[in-house]
Amino acid sequence: MQELLQYLFSGITNGAVYAVIALGFSMLYSSTGLINFAHGEFVMVGALSLISLWKGLKIPLPAAFAVSVAVTAAAGLLLERLALRNVRKPHPIVLVIITVGASILIRGIAMLVWGKDSHSSPSYSSHPPIDIAGATLLPQSLWIIALTLLLVLGLHVFYKRFLTGRAMLATAINKKAAAVVGIRTDTMVLLAFAMSAGMGGIGGALIAPLSMSSFDMGMILGLKGFCAAMIGGLSSSWGAVFGGLLLGILEAMGVGFLSSGLKDASAFVLLLLILYFRPTGLFGKAVVQRF
Amino acid sequence: MRYLILIAAVLAAGIGLSSPYQLQLLTFVGINTLLAVGLNMLMGYAGQISLGHAAFYGLGAYTTGVLTVHYQWSPWSALAAAIVLTVICAFLIALPLLSLSGFYLGMGTLGFGMIGFVVFRQWSSLTGGDSGLVGIPALEIGPLSFSSPRSYFFLVWAFAVLSIFLCERLIDSRIGRALRAIHDSERAASSMGIDTGRLKVHIFVLSALLAAVGGFLYAHLVSFISPSSFDFLVSVRMVTMVVIGGMASIWGALLGATLMTILPETLTVFHEYEMIVYGLIMIVIMILLPQGLFRGVLDIYEHARKKPGRTSAGSRG
Amino acid sequence: MNTPGRSPDGLPPVLGVDSVSKSFGGIQALNDISFEVLPGDIHALIGPNGAGKTTLLNLITGNFPADSGRVTFDGAGLNGRKPFERVSLGIARTFQNIELFGSMSVLENVLVGRHVKTGCGFFGAMARFSRVVKEERDARSKALELLEFVGLSEAASWRGTELPFGWQRFLEIARALATEPKILLLDEPASGLNPVETASLAELLEKIRNSGITLLLVEHDMNLVMKISDRVLVLNHGMKLAEGTPCEVQANEAVISAYLGREQAGKACCASAS
């Protein structure tokens, strides 16, 4: 029982991070129909930026967090503006290659800035681990879960209550119609990129205290987050969150009860299961066929 | 024709070059050509995508590696085993996946590719895990040993040229026409009696087979393999070779393979900026020449040939 | 020209549609449709837009299954046969929006039609056995024959999509004929053609029928329909409105009010030059 609880705790913690990363994929896909293969690199940038600002420059945590997210959002903005906006023939495979090239580029820059070493980050609070029924719950886990919840609720409110949010939704549903009613669709797309990248950054900032961060950490995190988004349904935000949590928990259970070697495979096995049984994901509606 | 130029170039390089480094680099180009040509058939002609083809590449390499190192098989028997195993796996993967639309197919291949990678890493009793597999023997046919860089260069290019030749033959045949028909309009193709599902599976298997042969040649070239040579980035690089070279063009695949193999080497002059330049080049090429280099350069050439003032008859009025 | 009644040879129908219904979501596209197409006939399917004509064609070619009822071909049921399988049986079709193979030449487009009549596989293609070479040669000459049949011989090496629109339609027909069908389904073949091209089309369709192939065509061009059809089926809102010879249908009150209009009805069908 204590073991189960332990796996559950670590599963939910990782799951929340996957959820945030998955949200980034899902929101970008809904708004633009694009899968950004550089998304994982935004996670990495967020993590390393936090470490540099908070641990390195000793900037207080809230400010360091905010700046890290801003940096990744800016990176997303640049990607859209400089690379994707200029594509003359937006065939899906071309866009995929561009985002892959962007991921290599970002990784190259990161290697310059932070080197090849791994960096660690302290937990957000120095509170000792909490003992619950024999299982250990890290305070960082609570931070992660709380901030993730805040993010999800914030997005919910943004889409429901704010004009910009509703405009983004409209652009996602039907770009032409949105343009016709006066919504600046180009700005909406730009905003979607910035927000999606920012979410990657948040995911990175959240995960930084949990394990070592390095310039090449982005790829596998991005891929797992992508699987989580697919599992939940690419077009559904709640699906992304659910997919992330589900992935995190199942991964932890698999590692705990079966074998640690399976950790990285869990995401992809789940992906395949979803593709076979419910390609549009657990919560997805009909997805736009892009290829 | 093109074959003469290619064979001449291969002969010239093989005989003329003496630096083992250069010969080995061009040997890698040959291996990558096998990979790119196969994947090009799948992506350019059948219109499917695979984001996990490195797994087949790895399957070829590890099958021969394991059989020759642990079980002392002869490499050529191991090649046969690798082909059989890859064909079986490719069928099993393709059959359920190809009923999905192209997008989901791509994601499915990503999943399989990653699972393959994890298996290579985790089944350490067989594959050596992250430490890799050492001691893969050199190839020989009877008295002919292929252990020198020059001989291996010719061996690999023999395979590469043969694969280009056979694939071209395939394109210019009933099967190739059916493939191109599927690419142009799957609905019309099926209304002409073409079993599109089956053909797509067969092409998937063919592309996997070529990747596995490439893996076989790779393993016996480097004699040491590790999972990191078969990860997601490698799958992506294979796709990039095809796209940058130009899809639906076998010679484009050759061009893409050459470029993507030699380019990273030339970029070492940039030292720590290497990745940045590499990423930038990928982005810029895709923005400027989305149809790939082969088609793109040809188009520029044809465009330059059409002088202004030559309008087509009847275009005015 | 307009032969009333059953086939004089008493042969069984080429195509039988028996109480077929199909709905999409809440919309009943086809409601209990039954009819037969007799061998050697030119059978027309007319009706206003949304009547279900293309749905019926798609159902016959197997793109989706009927909710109820069955389709028989040469007396045998077609249940569950996939579209590509039906082609080998002898059902070919053309599309409303021309679906040519854009990357191929005119000749190659027709050659694709020979797919079901040839058998070269992967190994044959790579090895080029003499049997394969001969098969390819025969396919080519057959394709050229067909191009001549529809009047496109001179354009054999052109890109399919470079052809003027009317010629593209003829190419699509040639391609379908390459499959050696028993019945050819045409979805609005006259759409987008000018009167001269339509007259050529009419000639071609009769030529095809005279060569032994049955035709089922969906059409809006009433002149064409009345001129060449042996039997006409009128659909409206997914239901059979009328069936009979062109003259009978043209005089049918329900058809006139739902679709044809007084002006068309006024054209005495048997007054056209025979």
# chains A, B, ... in the order shown; residues from 1 in each chain; ligands from 1

call {"tool": "residues_around", "arguments": {"residues": "Leu209 in chain B", "least_positions_apart": "6", "cutoff": "10 Å", "atoms": "only C-alpha atoms", "output": "list in words"}}
result
Leu34, Leu35, Gly38, Phe56, Tyr57, Leu59, Gly60, Ala82, Ile83, Val84, Leu85, Thr86, Val87, Ile88, Ala90, Ile203 and Gly215 of chain B

call {"tool": "write_last_selection", "arguments": {"atoms": "N, CA and C atoms", "output": "PDB file, in the first residue's frame"}}
result
ATOM      1  N   LEU B  34      21.141   4.228 -49.263  1.00  0.00           N
ATOM      2  CA  LEU B  34      20.225   3.092 -49.140  1.00  0.00           C
ATOM      3  C   LEU B  34      19.028   3.474 -48.283  1.00  0.00           C
ATOM      4  N   LEU B  35      19.310   4.092 -47.143  1.00  0.00           N
ATOM      5  CA  LEU B  35      18.238   4.493 -46.244  1.00  0.00           C
ATOM      6  C   LEU B  35      17.301   5.486 -46.914  1.00  0.00           C
ATOM      7  N   GLY B  38      15.075   4.091 -49.879  1.00  0.00           N
ATOM      8  CA  GLY B  38      13.949   3.306 -49.376  1.00  0.00           C
ATOM      9  C   GLY B  38      12.867   4.197 -48.784  1.00  0.00           C
ATOM     10  N   PHE B  56      14.318   0.251 -37.886  1.00  0.00           N
ATOM     11  CA  PHE B  56      14.634  -0.810 -38.863  1.00  0.00           C
ATOM     12  C   PHE B  56      16.125  -0.824 -39.171  1.00  0.00           C
ATOM     13  N   TYR B  57      16.680   0.365 -39.261  1.00  0.00           N
ATOM     14  CA  TYR B  57      18.122   0.516 -39.441  1.00  0.00           C
ATOM     15  C   TYR B  57      18.832  -0.221 -38.297  1.00  0.00           C
ATOM     16  N   LEU B  59      17.511  -2.481 -36.345  1.00  0.00           N
ATOM     17  CA  LEU B  59      17.191  -3.913 -36.358  1.00  0.00           C
ATOM     18  C   LEU B  59      18.167  -4.661 -37.259  1.00  0.00           C
ATOM     19  N   GLY B  60      18.455  -4.086 -38.413  1.00  0.00           N
ATOM     20  CA  GLY B  60      19.435  -4.699 -39.304  1.00  0.00           C
ATOM     21  C   GLY B  60      20.793  -4.782 -38.647  1.00  0.00           C
ATOM     22  N   ALA B  82      18.469 -10.922 -40.849  1.00  0.00           N
ATOM     23  CA  ALA B  82      18.054  -9.538 -40.598  1.00  0.00           C
ATOM     24  C   ALA B  82      16.936  -9.150 -41.544  1.00  0.00           C
ATOM     25  N   ILE B  83      17.050  -9.546 -42.789  1.00  0.00           N
ATOM     26  CA  ILE B  83      16.026  -9.207 -43.772  1.00  0.00           C
ATOM     27  C   ILE B  83      14.705  -9.862 -43.402  1.00  0.00           C
ATOM     28  N   VAL B  84      14.770 -11.158 -43.085  1.00  0.00           N
ATOM     29  CA  VAL B  84      13.530 -11.864 -42.736  1.00  0.00           C
ATOM     30  C   VAL B  84      12.885 -11.218 -41.519  1.00  0.00           C
ATOM     31  N   LEU B  85      13.688 -10.981 -40.488  1.00  0.00           N
ATOM     32  CA  LEU B  85      13.152 -10.396 -39.260  1.00  0.00           C
ATOM     33  C   LEU B  85      12.547  -9.023 -39.523  1.00  0.00           C
ATOM     34  N   THR B  86      13.237  -8.223 -40.308  1.00  0.00           N
ATOM     35  CA  THR B  86      12.736  -6.880 -40.590  1.00  0.00           C
ATOM     36  C   THR B  86      11.441  -6.931 -41.388  1.00  0.00           C
ATOM     37  N   VAL B  87      11.395  -7.818 -42.374  1.00  0.00           N
ATOM     38  CA  VAL B  87      10.176  -7.917 -43.181  1.00  0.00           C
ATOM     39  C   VAL B  87       8.995  -8.293 -42.290  1.00  0.00           C
ATOM     40  N   ILE B  88       9.221  -9.273 -41.403  1.00  0.00           N
ATOM     41  CA  ILE B  88       8.133  -9.684 -40.508  1.00  0.00           C
ATOM     42  C   ILE B  88       7.687  -8.524 -39.633  1.00  0.00           C
ATOM     43  N   ALA B  90       8.095  -5.332 -40.101  1.00  0.00           N
ATOM     44  CA  ALA B  90       7.493  -4.253 -40.888  1.00  0.00           C
ATOM     45  C   ALA B  90       6.049  -4.593 -41.238  1.00  0.00           C
ATOM     46  N   ILE B 203       5.162  -1.296 -49.788  1.00  0.00           N
ATOM     47  CA  ILE B 203       6.200  -0.272 -49.915  1.00  0.00           C
ATOM     48  C   ILE B 203       6.827   0.010 -48.553  1.00  0.00           C
ATOM     49  N   GLY B 215      21.599  -0.960 -42.208  1.00  0.00           N
ATOM     50  CA  GLY B 215      22.068  -1.233 -40.859  1.00  0.00           C
ATOM     51  C   GLY B 215      23.113  -2.334 -40.840  1.00  0.00           C
TER      52      GLY B 215
END

call {"tool": "interface_residues", "arguments": {"of": "chain B", "to": "chain C", "cutoff": "12 Å", "atoms": "only C-alpha atoms", "output": "ChimeraX atom specification"}}
result
/B:44-45,162-199,202-203,205-206,248

call {"tool": "write_last_selection", "arguments": {"atoms": "C-alpha atoms", "output": "PDB file, in the first residue's frame"}}
result
ATOM      1  CA  GLY B  44       7.621  10.514 -51.991  1.00  0.00           C
ATOM      2  CA  TYR B  45       5.740   7.894 -53.944  1.00  0.00           C
ATOM      3  CA  LEU B 162      21.852  -1.590 -57.166  1.00  0.00           C
ATOM      4  CA  SER B 163      19.118  -0.261 -54.901  1.00  0.00           C
ATOM      5  CA  ILE B 164      18.781   2.910 -56.976  1.00  0.00           C
ATOM      6  CA  PHE B 165      18.601   0.818 -60.129  1.00  0.00           C
ATOM      7  CA  LEU B 166      15.971  -1.558 -58.762  1.00  0.00           C
ATOM      8  CA  CYS B 167      13.859   1.227 -57.301  1.00  0.00           C
ATOM      9  CA  GLU B 168      13.922   3.134 -60.558  1.00  0.00           C
ATOM     10  CA  ARG B 169      12.771  -0.006 -62.306  1.00  0.00           C
ATOM     11  CA  LEU B 170      10.023  -0.321 -59.770  1.00  0.00           C
ATOM     12  CA  ILE B 171       8.849   3.254 -60.324  1.00  0.00           C
ATOM     13  CA  ASP B 172       8.723   2.756 -64.065  1.00  0.00           C
ATOM     14  CA  SER B 173       6.457  -0.257 -63.907  1.00  0.00           C
ATOM     15  CA  ARG B 174       2.892  -1.261 -63.201  1.00  0.00           C
ATOM     16  CA  ILE B 175       3.627  -1.122 -59.476  1.00  0.00           C
ATOM     17  CA  GLY B 176       5.293   2.260 -59.722  1.00  0.00           C
ATOM     18  CA  ARG B 177       2.393   3.651 -61.679  1.00  0.00           C
ATOM     19  CA  ALA B 178      -0.003   2.353 -59.068  1.00  0.00           C
ATOM     20  CA  LEU B 179       2.129   4.023 -56.389  1.00  0.00           C
ATOM     21  CA  ARG B 180       2.186   7.341 -58.157  1.00  0.00           C
ATOM     22  CA  ALA B 181      -1.540   7.022 -58.701  1.00  0.00           C
ATOM     23  CA  ILE B 182      -2.059   6.594 -54.974  1.00  0.00           C
ATOM     24  CA  HIS B 183       0.095   9.619 -54.368  1.00  0.00           C
ATOM     25  CA  ASP B 184      -1.853  11.757 -56.836  1.00  0.00           C
ATOM     26  CA  SER B 185      -5.326  10.663 -55.867  1.00  0.00           C
ATOM     27  CA  GLU B 186      -5.935   7.713 -53.625  1.00  0.00           C
ATOM     28  CA  ARG B 187      -9.627   7.784 -54.423  1.00  0.00           C
ATOM     29  CA  ALA B 188      -9.084   7.609 -58.159  1.00  0.00           C
ATOM     30  CA  ALA B 189      -6.405   4.954 -57.706  1.00  0.00           C
ATOM     31  CA  SER B 190      -8.784   2.730 -55.824  1.00  0.00           C
ATOM     32  CA  SER B 191     -11.453   3.355 -58.454  1.00  0.00           C
ATOM     33  CA  MET B 192      -8.987   1.928 -60.968  1.00  0.00           C
ATOM     34  CA  GLY B 193      -8.873  -1.313 -59.047  1.00  0.00           C
ATOM     35  CA  ILE B 194      -5.663  -0.682 -57.144  1.00  0.00           C
ATOM     36  CA  ASP B 195      -5.537  -2.264 -53.695  1.00  0.00           C
ATOM     37  CA  THR B 196      -4.113   0.834 -52.074  1.00  0.00           C
ATOM     38  CA  GLY B 197      -3.876  -0.597 -48.586  1.00  0.00           C
ATOM     39  CA  ARG B 198      -1.870  -3.608 -49.641  1.00  0.00           C
ATOM     40  CA  LEU B 199       0.457  -1.608 -51.842  1.00  0.00           C
ATOM     41  CA  HIS B 202       4.372  -3.540 -49.360  1.00  0.00           C
ATOM     42  CA  ILE B 203       6.200  -0.272 -49.915  1.00  0.00           C
ATOM     43  CA  VAL B 205       8.129  -3.240 -45.968  1.00  0.00           C
ATOM     44  CA  LEU B 206      10.442  -2.474 -48.880  1.00  0.00           C
ATOM     45  CA  ALA B 248       9.366  11.519 -55.357  1.00  0.00           C
TER      46      ALA B 248
END

call {"tool": "residues_around", "arguments": {"residues": "Leu4 in chain A", "least_positions_apart": "4", "cutoff": "9 Å", "atoms": "only C-alpha atoms", "output": "VMD selection string"}}
result
chain A and resid 8 to 9 135 253 256

call {"tool": "write_last_selection", "arguments": {"atoms": "N, CA and C atoms", "output": "tab-separated table (two decimals), in the first residue's frame"}}
result
chain	number	residue	atom	x	y	z
A	8	LEU	N	2.17	6.55	-6.79
A	8	LEU	CA	1.13	7.50	-7.13
A	8	LEU	C	1.65	8.93	-7.00
A	9	PHE	N	2.34	9.21	-5.91
A	9	PHE	CA	2.87	10.56	-5.71
A	9	PHE	C	3.83	10.95	-6.83
A	135	ALA	N	4.63	6.85	2.82
A	135	ALA	CA	5.19	7.27	1.54
A	135	ALA	C	5.66	8.71	1.64
A	253	MET	N	3.86	3.45	-12.19
A	253	MET	CA	3.44	2.09	-11.84
A	253	MET	C	4.27	1.07	-12.59
A	256	GLY	N	7.63	0.91	-11.10
A	256	GLY	CA	7.61	0.33	-9.77
A	256	GLY	C	7.31	-1.16	-9.78

call {"tool": "closest_residue", "arguments": {"among": "B:Ala13, B:Val284, B:Leu133, B:Leu289", "to": "Thr64 in chain B", "atoms": "only C-alpha atoms"}}
result
B:Leu133

call {"tool": "atom_distance", "arguments": {"atom1": "CA of Ile106 in chain A", "atom2": "CA of Ala194 in chain A"}}
result
15.4 Å

call {"tool": "residues_around", "arguments": {"residues": "range 237-246 of chain B", "least_positions_apart": "3", "cutoff": "6 Å", "atoms": "only C-alpha atoms", "output": "list of chain:residue names"}}
result
B:Ala36, B:Asn40, B:Val234, B:Gly252, B:Ala253, B:Leu255, B:Gly256, B:Ala257, B:Gln291, B:Gly292, B:Leu293, B:Phe294

call {"tool": "residues_around", "arguments": {"residues": "range 277-279 of chain B", "least_positions_apart": "3", "cutoff": "7 Å", "atoms": "only C-alpha atoms", "output": "count of residues only"}}
result
8

call {"tool": "interface_residues", "arguments": {"of": "chain A", "to": "chain B", "cutoff": "8 Å", "atoms": "only C-alpha atoms", "output": "ChimeraX atom specification"}}
result
/A:83,86-89,93-94,97-109,111-112,261-262,264-265,268-269,271-272,275-276,279,289-291

call {"tool": "write_last_selection", "arguments": {"atoms": "C-alpha atoms", "output": "PDB file, in the first residue's frame"}}
result
ATOM      1  CA  ALA A  83      10.806  30.710 -39.665  1.00  0.00           C
ATOM      2  CA  ASN A  86       7.922  32.859 -44.258  1.00  0.00           C
ATOM      3  CA  VAL A  87       7.160  29.412 -45.555  1.00  0.00           C
ATOM      4  CA  ARG A  88       5.735  29.674 -48.998  1.00  0.00           C
ATOM      5  CA  LYS A  89       4.435  26.164 -49.285  1.00  0.00           C
ATOM      6  CA  ILE A  93       6.187  17.693 -43.831  1.00  0.00           C
ATOM      7  CA  VAL A  94       7.998  20.920 -44.655  1.00  0.00           C
ATOM      8  CA  ILE A  97      11.399  19.674 -40.907  1.00  0.00           C
ATOM      9  CA  ILE A  98      11.484  23.356 -40.053  1.00  0.00           C
ATOM     10  CA  THR A  99      10.508  22.732 -36.457  1.00  0.00           C
ATOM     11  CA  VAL A 100      13.067  19.949 -36.291  1.00  0.00           C
ATOM     12  CA  GLY A 101      15.697  22.332 -37.612  1.00  0.00           C
ATOM     13  CA  ALA A 102      14.567  24.861 -35.042  1.00  0.00           C
ATOM     14  CA  SER A 103      14.964  22.301 -32.282  1.00  0.00           C
ATOM     15  CA  ILE A 104      18.538  21.630 -33.360  1.00  0.00           C
ATOM     16  CA  LEU A 105      19.187  25.349 -33.552  1.00  0.00           C
ATOM     17  CA  ILE A 106      17.797  26.008 -30.083  1.00  0.00           C
ATOM     18  CA  ARG A 107      19.760  23.103 -28.682  1.00  0.00           C
ATOM     19  CA  GLY A 108      22.890  24.485 -30.281  1.00  0.00           C
ATOM     20  CA  ILE A 109      22.339  27.869 -28.681  1.00  0.00           C
ATOM     21  CA  MET A 111      24.862  24.293 -25.597  1.00  0.00           C
ATOM     22  CA  LEU A 112      26.719  27.543 -26.106  1.00  0.00           C
ATOM     23  CA  GLY A 261      13.754  -0.209 -18.102  1.00  0.00           C
ATOM     24  CA  LEU A 262      10.207   0.304 -19.268  1.00  0.00           C
ATOM     25  CA  ASP A 264      10.776   5.490 -21.405  1.00  0.00           C
ATOM     26  CA  ALA A 265       8.775   2.961 -23.367  1.00  0.00           C
ATOM     27  CA  PHE A 268       5.032   5.124 -26.663  1.00  0.00           C
ATOM     28  CA  VAL A 269       3.243   1.915 -25.822  1.00  0.00           C
ATOM     29  CA  LEU A 271       0.543   6.092 -27.782  1.00  0.00           C
ATOM     30  CA  LEU A 272       0.255   2.990 -29.916  1.00  0.00           C
ATOM     31  CA  LEU A 275      -3.797   4.932 -32.075  1.00  0.00           C
ATOM     32  CA  TYR A 276      -5.187   1.466 -32.452  1.00  0.00           C
ATOM     33  CA  PRO A 279      -6.880   7.549 -32.676  1.00  0.00           C
ATOM     34  CA  GLN A 289      -6.178  15.421 -41.132  1.00  0.00           C
ATOM     35  CA  ARG A 290      -3.006  17.221 -41.947  1.00  0.00           C
ATOM     36  CA  PHE A 291      -0.824  14.809 -43.879  1.00  0.00           C
TER      37      PHE A 291
END

call {"tool": "atom_distance", "arguments": {"atom1": "CA of Ala94 in chain B", "atom2": "CA of Gly218 in chain A"}}
result
28.9 Å

call {"tool": "atom_distance", "arguments": {"atom1": "CA of Pro139 in chain A", "atom2": "CA of Ala73 in chain A"}}
result
27.0 Å

call {"tool": "residues_around", "arguments": {"residues": "Gly198 in chain A", "least_positions_apart": "2", "cutoff": "9 Å", "atoms": "only C-alpha atoms", "output": "list in words"}}
result
Gly24, Phe42, Val43, Gly46, Ser68, Val69, Ala70, Val71, Thr72, Ala73, Ala74, Ala75, Gly76, Phe193, Ala194, Met195, Ser196, Gly200, Gly201, Ile202 and Gly203 of chain A

call {"tool": "write_last_selection", "arguments": {"atoms": "N, CA and C atoms", "output": "PDB file, in the first residue's frame"}}
result
ATOM      1  N   GLY A  24       0.876  22.527 -24.025  1.00  0.00           N
ATOM      2  CA  GLY A  24       1.543  23.357 -25.024  1.00  0.00           C
ATOM      3  C   GLY A  24       1.329  22.800 -26.427  1.00  0.00           C
ATOM      4  N   PHE A  42      11.769  24.104 -25.693  1.00  0.00           N
ATOM      5  CA  PHE A  42      11.266  25.193 -24.858  1.00  0.00           C
ATOM      6  C   PHE A  42      11.257  24.771 -23.390  1.00  0.00           C
ATOM      7  N   VAL A  43      10.933  23.506 -23.165  1.00  0.00           N
ATOM      8  CA  VAL A  43      10.966  22.987 -21.801  1.00  0.00           C
ATOM      9  C   VAL A  43      12.379  23.119 -21.242  1.00  0.00           C
ATOM     10  N   GLY A  46      13.307  26.694 -20.485  1.00  0.00           N
ATOM     11  CA  GLY A  46      12.669  27.137 -19.252  1.00  0.00           C
ATOM     12  C   GLY A  46      13.414  26.638 -18.028  1.00  0.00           C
ATOM     13  N   SER A  68      11.948  33.419 -16.899  1.00  0.00           N
ATOM     14  CA  SER A  68      12.202  32.189 -17.666  1.00  0.00           C
ATOM     15  C   SER A  68      11.068  31.928 -18.642  1.00  0.00           C
ATOM     16  N   VAL A  69       9.855  32.063 -18.137  1.00  0.00           N
ATOM     17  CA  VAL A  69       8.700  31.817 -19.006  1.00  0.00           C
ATOM     18  C   VAL A  69       8.666  32.836 -20.132  1.00  0.00           C
ATOM     19  N   ALA A  70       8.994  34.084 -19.778  1.00  0.00           N
ATOM     20  CA  ALA A  70       8.993  35.126 -20.799  1.00  0.00           C
ATOM     21  C   ALA A  70      10.025  34.826 -21.883  1.00  0.00           C
ATOM     22  N   VAL A  71      11.172  34.337 -21.452  1.00  0.00           N
ATOM     23  CA  VAL A  71      12.232  34.015 -22.421  1.00  0.00           C
ATOM     24  C   VAL A  71      11.758  32.943 -23.394  1.00  0.00           C
ATOM     25  N   THR A  72      11.138  31.894 -22.856  1.00  0.00           N
ATOM     26  CA  THR A  72      10.676  30.837 -23.762  1.00  0.00           C
ATOM     27  C   THR A  72       9.557  31.340 -24.661  1.00  0.00           C
ATOM     28  N   ALA A  73       8.673  32.165 -24.102  1.00  0.00           N
ATOM     29  CA  ALA A  73       7.606  32.709 -24.934  1.00  0.00           C
ATOM     30  C   ALA A  73       8.201  33.518 -26.081  1.00  0.00           C
ATOM     31  N   ALA A  74       9.234  34.288 -25.757  1.00  0.00           N
ATOM     32  CA  ALA A  74       9.891  35.082 -26.788  1.00  0.00           C
ATOM     33  C   ALA A  74      10.499  34.177 -27.859  1.00  0.00           C
ATOM     34  N   ALA A  75      11.081  33.065 -27.406  1.00  0.00           N
ATOM     35  CA  ALA A  75      11.665  32.125 -28.368  1.00  0.00           C
ATOM     36  C   ALA A  75      10.590  31.590 -29.302  1.00  0.00           C
ATOM     37  N   GLY A  76       9.422  31.300 -28.744  1.00  0.00           N
ATOM     38  CA  GLY A  76       8.324  30.817 -29.579  1.00  0.00           C
ATOM     39  C   GLY A  76       7.897  31.864 -30.583  1.00  0.00           C
ATOM     40  N   PHE A 193       1.603  30.708 -30.477  1.00  0.00           N
ATOM     41  CA  PHE A 193       2.989  30.231 -30.392  1.00  0.00           C
ATOM     42  C   PHE A 193       3.638  30.672 -29.098  1.00  0.00           C
ATOM     43  N   ALA A 194       3.441  31.962 -28.780  1.00  0.00           N
ATOM     44  CA  ALA A 194       4.074  32.492 -27.580  1.00  0.00           C
ATOM     45  C   ALA A 194       3.552  31.755 -26.344  1.00  0.00           C
ATOM     46  N   MET A 195       2.256  31.561 -26.291  1.00  0.00           N
ATOM     47  CA  MET A 195       1.677  30.894 -25.134  1.00  0.00           C
ATOM     48  C   MET A 195       2.110  29.436 -25.059  1.00  0.00           C
ATOM     49  N   SER A 196       2.110  28.791 -26.209  1.00  0.00           N
ATOM     50  CA  SER A 196       2.510  27.382 -26.222  1.00  0.00           C
ATOM     51  C   SER A 196       3.951  27.236 -25.754  1.00  0.00           C
ATOM     52  N   GLY A 200       5.663  25.467 -22.368  1.00  0.00           N
ATOM     53  CA  GLY A 200       6.825  24.597 -22.318  1.00  0.00           C
ATOM     54  C   GLY A 200       7.803  25.093 -21.267  1.00  0.00           C
ATOM     55  N   GLY A 201       7.996  26.392 -21.264  1.00  0.00           N
ATOM     56  CA  GLY A 201       8.906  26.978 -20.298  1.00  0.00           C
ATOM     57  C   GLY A 201       8.463  26.724 -18.871  1.00  0.00           C
ATOM     58  N   ILE A 202       7.164  26.851 -18.633  1.00  0.00           N
ATOM     59  CA  ILE A 202       6.639  26.582 -17.285  1.00  0.00           C
ATOM     60  C   ILE A 202       6.935  25.141 -16.897  1.00  0.00           C
ATOM     61  N   GLY A 203       6.685  24.231 -17.854  1.00  0.00           N
ATOM     62  CA  GLY A 203       6.974  22.825 -17.573  1.00  0.00           C
ATOM     63  C   GLY A 203       8.422  22.629 -17.181  1.00  0.00           C
TER      64      GLY A 203
END

call {"tool": "select_by_dssp", "arguments": {"residues": "range 62-262 of chain B", "states": "helix (DSSP H, G or I)", "output": "PyMOL selection string"}}
result
chain B and resi 62-70+75-97+102-122+124-127+129-131+149-171+174-184+186-191+196-222+227-230+232-245+250-262

call {"tool": "closest_residue", "arguments": {"among": "C:Leu186, C:Ala66, C:Leu215, C:Ala202", "to": "His43 in chain C", "atoms": "only C-alpha atoms"}}
result
C:Leu215

call {"tool": "select_by_dssp", "arguments": {"residues": "range 33-134 of chain C", "states": "strand (DSSP E)", "output": "PyMOL selection string"}}
result
chain C and resi 33-37+42-46+68-73+76-77+91-93

call {"tool": "write_last_selection", "arguments": {"atoms": "C-alpha atoms", "output": "PDB file, in the first residue's frame"}}
result
ATOM      1  CA  ILE C  33     -34.498   2.680 -54.103  1.00  0.00           C
ATOM      2  CA  SER C  34     -34.954  -0.212 -56.514  1.00  0.00           C
ATOM      3  CA  PHE C  35     -34.176  -0.436 -60.188  1.00  0.00           C
ATOM      4  CA  GLU C  36     -32.364  -2.524 -62.755  1.00  0.00           C
ATOM      5  CA  VAL C  37     -29.921  -1.654 -65.466  1.00  0.00           C
ATOM      6  CA  ILE C  42     -27.642   3.659 -71.553  1.00  0.00           C
ATOM      7  CA  HIS C  43     -29.383   4.268 -68.263  1.00  0.00           C
ATOM      8  CA  ALA C  44     -29.612   7.815 -66.947  1.00  0.00           C
ATOM      9  CA  LEU C  45     -30.035   8.964 -63.366  1.00  0.00           C
ATOM     10  CA  ILE C  46     -31.432  12.465 -63.071  1.00  0.00           C
ATOM     11  CA  SER C  68     -30.438  -1.750 -45.958  1.00  0.00           C
ATOM     12  CA  GLY C  69     -31.105  -3.424 -49.266  1.00  0.00           C
ATOM     13  CA  ARG C  70     -28.601  -4.877 -51.668  1.00  0.00           C
ATOM     14  CA  VAL C  71     -26.807  -4.232 -54.899  1.00  0.00           C
ATOM     15  CA  THR C  72     -26.260  -7.086 -57.313  1.00  0.00           C
ATOM     16  CA  PHE C  73     -23.952  -7.215 -60.271  1.00  0.00           C
ATOM     17  CA  ALA C  76     -24.331 -11.873 -57.726  1.00  0.00           C
ATOM     18  CA  GLY C  77     -24.451  -9.790 -54.559  1.00  0.00           C
ATOM     19  CA  ILE C  91     -17.619  -1.875 -62.537  1.00  0.00           C
ATOM     20  CA  ALA C  92     -15.750   1.290 -63.540  1.00  0.00           C
ATOM     21  CA  ARG C  93     -16.506   4.929 -62.892  1.00  0.00           C
TER      22      ARG C  93
END

call {"tool": "residues_around", "arguments": {"residues": "Ser118 in chain A", "least_positions_apart": "5", "cutoff": "7 Å", "atoms": "only C-alpha atoms", "output": "list of chain:residue names"}}
result
A:Met212, A:Ser213, A:Ser214
